[in-house]
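Novice: What follows is input11.txt; its format and atoms are compact mmCIF, C-alpha atoms.
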# COMPACT_ATOMS: atom_id res chain seq x y z
CA MET A 1 -23.24 -21.02 -23.22
CA ALA A 2 -19.92 -19.78 -24.56
CA GLU A 3 -17.89 -17.80 -22.08
CA GLN A 4 -16.92 -14.21 -22.90
CA LEU A 5 -13.22 -13.47 -23.00
CA GLY A 6 -12.37 -11.34 -19.97
CA PHE A 7 -9.50 -8.88 -19.80
CA ASP A 8 -7.87 -8.08 -16.46
CA LEU A 9 -7.90 -4.33 -16.91
CA PRO A 10 -6.15 -2.33 -14.18
CA ALA A 11 -8.51 -0.90 -11.60
CA ARG A 12 -8.29 2.80 -10.86
CA ALA A 13 -7.60 3.00 -7.15
CA ALA A 14 -8.94 5.97 -5.19
CA LEU A 15 -6.07 7.27 -3.05
CA GLY A 16 -7.50 10.41 -1.45
CA ARG A 17 -7.72 11.13 2.28
CA ASP A 18 -11.47 10.50 2.32
CA ASP A 19 -10.94 7.13 0.61
CA PHE A 20 -8.80 5.80 3.46
CA PHE A 21 -11.09 3.85 5.77
CA VAL A 22 -10.07 3.69 9.41
CA SER A 23 -10.33 0.77 11.83
CA GLU A 24 -8.32 -0.56 14.74
CA ALA A 25 -5.99 -2.21 12.21
CA ASN A 26 -4.71 1.08 10.81
CA ALA A 27 -5.78 3.91 13.13
CA MET A 28 -2.41 4.23 14.85
CA ALA A 29 -0.52 4.31 11.55
CA LEU A 30 -2.82 7.03 10.23
CA ALA A 31 -2.38 9.03 13.42
CA LEU A 32 1.41 8.91 13.01
CA VAL A 33 1.16 10.05 9.40
CA ASP A 34 -1.18 12.86 10.43
CA SER A 35 1.26 13.96 13.14
CA TRP A 36 3.55 15.37 10.43
CA PRO A 37 5.46 17.72 10.57
CA GLN A 38 6.18 16.71 14.17
CA TRP A 39 7.79 13.41 13.20
CA ALA A 40 10.75 12.36 15.34
CA GLY A 41 13.88 13.03 13.32
CA ASN A 42 11.65 14.36 10.50
CA LYS A 43 11.15 10.85 9.10
CA LEU A 44 8.70 7.93 9.26
CA ALA A 45 8.54 4.33 8.01
CA ILE A 46 5.16 2.84 7.11
CA ILE A 47 5.19 -0.95 7.33
CA GLY A 48 2.55 -3.58 6.75
CA PRO A 49 1.44 -6.53 4.60
CA GLU A 50 1.05 -6.30 0.85
CA GLY A 51 -2.03 -4.26 -0.02
CA SER A 52 -2.50 -2.92 3.51
CA GLY A 53 -2.52 0.74 2.47
CA LYS A 54 1.13 1.83 2.53
CA THR A 55 0.90 3.47 -0.89
CA HIS A 56 -2.45 5.00 0.00
CA LEU A 57 -1.00 6.59 3.14
CA ALA A 58 2.02 7.79 1.17
CA HIS A 59 -0.36 9.61 -1.18
CA VAL A 60 -2.34 11.02 1.75
CA TRP A 61 0.88 12.41 3.20
CA ALA A 62 2.08 13.69 -0.17
CA ALA A 63 -1.14 15.66 -0.54
CA GLN A 64 -0.49 17.28 2.85
CA SER A 65 3.22 17.89 2.46
CA GLY A 66 3.73 18.38 -1.27
CA ALA A 67 6.08 15.40 -1.30
CA GLN A 68 7.18 13.49 -4.35
CA ILE A 69 6.62 9.72 -4.36
CA ILE A 70 9.17 7.42 -6.01
CA GLU A 71 9.95 3.73 -6.07
CA ALA A 72 13.18 2.77 -4.31
CA THR A 73 14.23 0.82 -7.41
CA SER A 74 14.23 4.03 -9.47
CA LEU A 75 16.76 5.79 -7.22
CA THR A 76 20.10 6.88 -8.61
CA LYS A 77 22.75 9.02 -6.96
CA GLU A 78 22.45 11.59 -9.77
CA ARG A 79 18.81 12.28 -8.81
CA VAL A 80 19.51 12.89 -5.13
CA PRO A 81 20.20 16.67 -5.22
CA GLU A 82 16.92 17.33 -7.04
CA LEU A 83 14.82 14.94 -4.95
CA ALA A 84 16.15 16.34 -1.68
CA GLN A 85 14.73 19.80 -2.42
CA SER A 86 11.31 18.82 -1.07
CA ALA A 87 9.64 16.21 1.11
CA ILE A 88 10.03 12.76 -0.40
CA ALA A 89 8.38 9.35 -0.05
CA VAL A 90 10.39 6.29 -1.10
CA GLU A 91 8.24 3.22 -1.66
CA ASN A 92 9.15 -0.46 -1.24
CA VAL A 93 12.66 -0.05 0.16
CA PRO A 94 13.20 -3.83 0.64
CA ALA A 95 13.21 -4.15 -3.16
CA ILE A 96 16.74 -2.67 -3.24
CA ALA A 97 18.21 -5.20 -0.81
CA THR A 98 20.45 -6.56 -3.59
CA ASP A 99 21.09 -3.21 -5.29
CA SER A 100 24.09 -1.54 -3.70
CA ALA A 101 23.91 1.52 -5.98
CA ALA A 102 20.28 2.22 -5.06
CA GLN A 103 21.08 1.75 -1.37
CA ASP A 104 23.91 4.25 -1.67
CA ALA A 105 21.55 6.68 -3.39
CA LEU A 106 18.95 6.27 -0.63
CA PHE A 107 21.61 6.82 2.02
CA HIS A 108 22.60 10.14 0.44
CA LEU A 109 18.96 11.08 -0.15
CA HIS A 110 18.16 10.36 3.51
CA ASN A 111 21.00 12.58 4.71
CA LEU A 112 20.52 15.45 2.27
CA THR A 113 16.73 15.59 2.61
CA LEU A 114 16.97 15.89 6.38
CA ALA A 115 19.86 18.35 6.16
CA GLU A 116 17.71 20.56 3.90
CA GLY A 117 14.98 20.54 6.55
CA HIS A 118 12.56 18.34 4.60
CA SER A 119 10.76 15.15 5.61
CA LEU A 120 11.37 11.57 4.48
CA LEU A 121 8.83 8.75 4.33
CA VAL A 122 9.82 5.16 3.51
CA THR A 123 7.68 2.05 3.13
CA GLY A 124 8.22 -1.71 3.37
CA ILE A 125 6.41 -4.91 4.27
CA SER A 126 8.20 -5.58 7.56
CA GLU A 127 10.29 -3.73 10.12
CA PRO A 128 13.38 -2.01 8.66
CA LYS A 129 15.69 -4.46 10.41
CA HIS A 130 14.24 -7.19 8.18
CA TRP A 131 14.64 -5.29 4.90
CA GLY A 132 17.92 -7.04 4.10
CA LEU A 133 19.84 -3.84 3.40
CA THR A 134 23.58 -4.39 3.12
CA LEU A 135 24.80 -0.79 3.53
CA PRO A 136 25.45 -0.51 7.27
CA ASP A 137 25.04 3.28 7.53
CA LEU A 138 21.71 3.20 5.69
CA ASN A 139 20.55 0.19 7.68
CA SER A 140 21.26 1.87 11.01
CA ARG A 141 19.50 5.09 9.99
CA LEU A 142 16.36 3.33 8.86
CA GLN A 143 16.28 1.09 11.91
CA GLY A 144 16.27 4.28 13.98
CA THR A 145 13.15 5.53 12.20
CA THR A 146 9.74 5.60 13.88
CA THR A 147 7.45 2.96 12.35
CA ALA A 148 3.75 3.28 11.58
CA VAL A 149 2.41 -0.29 11.54
CA LEU A 150 -0.53 -1.42 9.41
CA GLN A 151 -2.07 -4.67 10.67
CA GLU A 152 -3.99 -7.34 8.76
CA PRO A 153 -7.64 -6.24 8.45
CA ASP A 154 -10.33 -6.81 11.06
CA ASP A 155 -13.90 -7.60 9.93
CA ALA A 156 -14.89 -3.95 9.62
CA LEU A 157 -11.87 -2.97 7.55
CA LEU A 158 -12.05 -6.11 5.40
CA SER A 159 -15.69 -5.35 4.55
CA ILE A 160 -14.85 -1.79 3.57
CA LEU A 161 -11.76 -2.88 1.66
CA LEU A 162 -13.76 -5.38 -0.41
CA ALA A 163 -16.37 -2.75 -1.18
CA LYS A 164 -13.67 -0.27 -2.22
CA LEU A 165 -11.90 -2.82 -4.43
CA PHE A 166 -15.19 -3.57 -6.20
CA ILE A 167 -15.94 0.15 -6.58
CA ASP A 168 -12.48 0.68 -8.08
CA ARG A 169 -13.59 -1.81 -10.76
CA GLN A 170 -16.96 -0.06 -11.15
CA LEU A 171 -18.80 -2.95 -9.51
CA ALA A 172 -21.41 -2.71 -6.75
CA PRO A 173 -22.09 -6.02 -4.95
CA ASN A 174 -24.75 -6.07 -2.24
CA THR A 175 -23.99 -6.33 1.47
CA GLU A 176 -24.88 -10.04 1.49
CA THR A 177 -22.08 -10.73 -0.99
CA ILE A 178 -19.54 -8.77 1.06
CA ALA A 179 -20.63 -10.45 4.30
CA TYR A 180 -20.31 -13.91 2.73
CA MET A 181 -16.81 -13.16 1.50
CA VAL A 182 -15.64 -11.79 4.85
CA LYS A 183 -16.92 -14.91 6.63
CA HIS A 184 -15.31 -17.45 4.28
CA MET A 185 -12.10 -15.90 2.93
CA ASP A 186 -8.57 -15.88 4.26
CA ARG A 187 -8.09 -12.66 6.21
CA SER A 188 -5.50 -10.72 4.24
CA PHE A 189 -5.29 -7.72 1.95
CA ALA A 190 -3.63 -9.77 -0.76
CA GLU A 191 -6.45 -12.34 -0.73
CA ALA A 192 -9.08 -9.59 -0.88
CA ARG A 193 -7.46 -8.18 -4.02
CA ARG A 194 -7.11 -11.63 -5.59
CA LEU A 195 -10.74 -12.54 -4.95
CA VAL A 196 -12.16 -9.27 -6.24
CA ARG A 197 -10.09 -9.58 -9.41
CA ALA A 198 -11.19 -13.21 -9.88
CA ILE A 199 -14.87 -12.37 -9.31
CA ASP A 200 -14.66 -9.49 -11.77
CA GLN A 201 -13.13 -11.80 -14.39
CA ALA A 202 -15.75 -14.49 -13.74
CA SER A 203 -18.55 -11.93 -14.02
CA LEU A 204 -17.31 -10.87 -17.44
CA ALA A 205 -16.56 -14.38 -18.69
CA LYS A 206 -19.86 -15.89 -17.56
CA LYS A 207 -21.97 -12.75 -18.15
CA ARG A 208 -23.23 -13.00 -14.57
CA LYS A 209 -23.93 -10.20 -12.14
CA VAL A 210 -21.63 -9.99 -9.13
CA SER A 211 -23.55 -11.76 -6.38
CA ARG A 212 -23.20 -14.01 -3.37
CA ALA A 213 -23.66 -17.06 -5.61
CA LEU A 214 -20.94 -15.94 -8.03
CA ALA A 215 -18.59 -15.13 -5.15
CA ALA A 216 -19.23 -18.56 -3.66
CA ASP A 217 -18.49 -20.28 -6.99
CA VAL A 218 -15.22 -18.38 -7.38
CA MET A 219 -14.14 -19.01 -3.78
CA LYS A 220 -14.83 -22.75 -4.11
CA SER A 221 -12.95 -23.11 -7.40
Rewrite the coordinates I just gave you, this time as structure tokens.
Specialist:
Amino acid sequence: MAEQLGFDLPARAALGRDDFFVSEANAMALALVDSWPQWAGNKLAIIGPEGSGKTHLAHVWAAQSGAQIIEATSLTKERVPELAQSAIAVENVPAIATDSAAQDALFHLHNLTLAEGHSLLVTGISEPKHWGLTLPDLNSRLQGTTTAVLQEPDDALLSILLAKLFIDRQLAPNTETIAYMVKHMDRSFAEARRLVRAIDQASLAKKRKVSRALAADVMKS
């Protein structure tokens, strides 16, 4: 049978508060986000592996605080006065480790936002001391920021994450399929996303329903 050409269309992620599933791996981070506006120094860093929910938590906080969300790589010094007029979330700060201009912009945004009485949220994969920032004043300020740590998923969170990733792609595998995947896959958010994408593509290409058998074939390939 000829295989159907599959297109890797972007999934529409649900980023609301009710869509954030809580387990021991992320409960403390969520509690710190929810403690706003009582953050120490009026700022917080969310750290964790790729796909662990940093962006989701940033959106949860933005809904509470009215904050804007921007990528660190889009920062320029000219935008700082405008951005500092409200709470602000700056995503993926390690991405500007080699961009001195963006680091300078973030330094001024950090200072002006706090001076205006607003809150600052930053995100990155690891602790701020490992972000590779070369501007000493910015580095010291971010290292002094309270961190909300997202851990790799436990079984409960991994099961829910897989179900959510499938739902985002308008797929509905049964519990047997999810259980099989949790038992046999590498335990990481990145692997969960890769597998769900691959299973979706295989389902389209082979015109097969998402099932335990299809998941097994994809995971063995």
Novice: Excluding segment 148-153 of chain A and its own-chain neighbours fewer than 5 positions away, which residues fall within 8 Å of it when counting all atoms listed in the file? Please give them as JSON, numbers by chain.
Specialist: {"A": [25, 26, 28, 29, 30, 32, 33, 44, 45, 46, 47, 48, 49, 52, 53, 54, 158, 187, 188, 189]}
Novice: If you count only C-alpha atoms, which residues fall within 8 Å of Gln85 of chain A, apart from same-chain ones fewer than 2 positions away, as an MDAnalysis selection string?
Specialist: chainID A and resid 81:83 87 113 116 118
Novice: Give as a compact mmCIF listing (two decimals) with C-alpha atoms, in the frame of the given file each residue that has an atom at most 10 Å from (-15.5, -2.8, -8.0) in the file, counting only C-alpha atoms.
Specialist:
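For reference, part.txt as written:
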# COMPACT_ATOMS: atom_id res chain seq x y z
CA ALA A 11 -8.51 -0.90 -11.60
CA ARG A 12 -8.29 2.80 -10.86
CA ALA A 13 -7.60 3.00 -7.15
CA LEU A 162 -13.76 -5.38 -0.41
CA ALA A 163 -16.37 -2.75 -1.18
CA LYS A 164 -13.67 -0.27 -2.22
CA LEU A 165 -11.90 -2.82 -4.43
CA PHE A 166 -15.19 -3.57 -6.20
CA ILE A 167 -15.94 0.15 -6.58
CA ASP A 168 -12.48 0.68 -8.08
CA ARG A 169 -13.59 -1.81 -10.76
CA GLN A 170 -16.96 -0.06 -11.15
CA LEU A 171 -18.80 -2.95 -9.51
CA ALA A 172 -21.41 -2.71 -6.75
CA PRO A 173 -22.09 -6.02 -4.95
CA VAL A 196 -12.16 -9.27 -6.24
CA ARG A 197 -10.09 -9.58 -9.41
CA ILE A 199 -14.87 -12.37 -9.31
CA ASP A 200 -14.66 -9.49 -11.77
CA VAL A 210 -21.63 -9.99 -9.13
Novice: Report as lines of an AutoDock Vina configuration file the centre and the edge lengths, in Å to one decimal, of the axis-aligned box holding every listed atom of segment 76-85 of chain A, padded by 6 Å on each side.
Specialist:
center_x = 18.7
center_y = 13.3
center_z = -5.7
size_x = 20.0
size_y = 24.9
size_z = 20.1
Novice: Of the residues A:Ala205, A:Leu142, A:Ala102, A:Ala84, which is the one nearest to Glu127 of chain A, using only C-alpha atoms?
Specialist: A:Leu142
Novice: Residues within 9 Å of Ile70 of chain A, please, as a compact mmCIF listing (two decimals) with C-alpha atoms, in the frame of the given file. Count all atoms listed in the file; anything in the same chain fewer than 3 positions from it doesn't count.
Specialist:
# COMPACT_ATOMS: atom_id res chain seq x y z
CA THR A 73 14.23 0.82 -7.41
CA SER A 74 14.23 4.03 -9.47
CA LEU A 75 16.76 5.79 -7.22
CA ILE A 88 10.03 12.76 -0.40
CA ALA A 89 8.38 9.35 -0.05
CA VAL A 90 10.39 6.29 -1.10
CA GLU A 91 8.24 3.22 -1.66
Novice: Could you tell me which of A:Asn92, A:Arg208, A:Ser119, A:Leu114 comes closest to Gln64 of chain A if we count only C-alpha atoms?
Specialist: A:Ser119
Novice: Between atom CA of Thr175 of chain A and atom CA of Glu50 of chain A, what is the distance, to one decimal in Å?
Specialist: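 Between atom CA of Thr175 of chain A and atom CA of Glu50 of chain A the gap works out to 25.0 Å.
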Novice: Between atom CA of Ala40 of chain A and atom CA of Glu78 of chain A, what is the spacing in Å?
Specialist: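 About the pair atom CA of Glu78 of chain A and atom CA of Ala40 of chain A: they are 27.7 Å apart.
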Novice: At what distance in Å, to one decimal, does atom CA of Asp186 of chain A lie from atom CA of Ser211 of chain A?
Specialist: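 So the two atoms, atom CA of Ser211 of chain A and atom CA of Asp186 of chain A, lie 18.8 Å apart.
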Novice: Of the candidates A:Ala192, A:Ala97, A:Ala215, A:Ala58, which one gets nearest to Pro136 of chain A if we count all atoms listed in the file?
Specialist: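 Residue with the minimum atom-to-atom distance to Pro136 of chain A: A:Ala97.
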Novice: Quick one: of A:Asp217, A:Asp154, A:Asp137, A:Glu191, who's nearest to Asn111 of chain A, counting only C-alpha atoms?
Specialist: A:Asp137
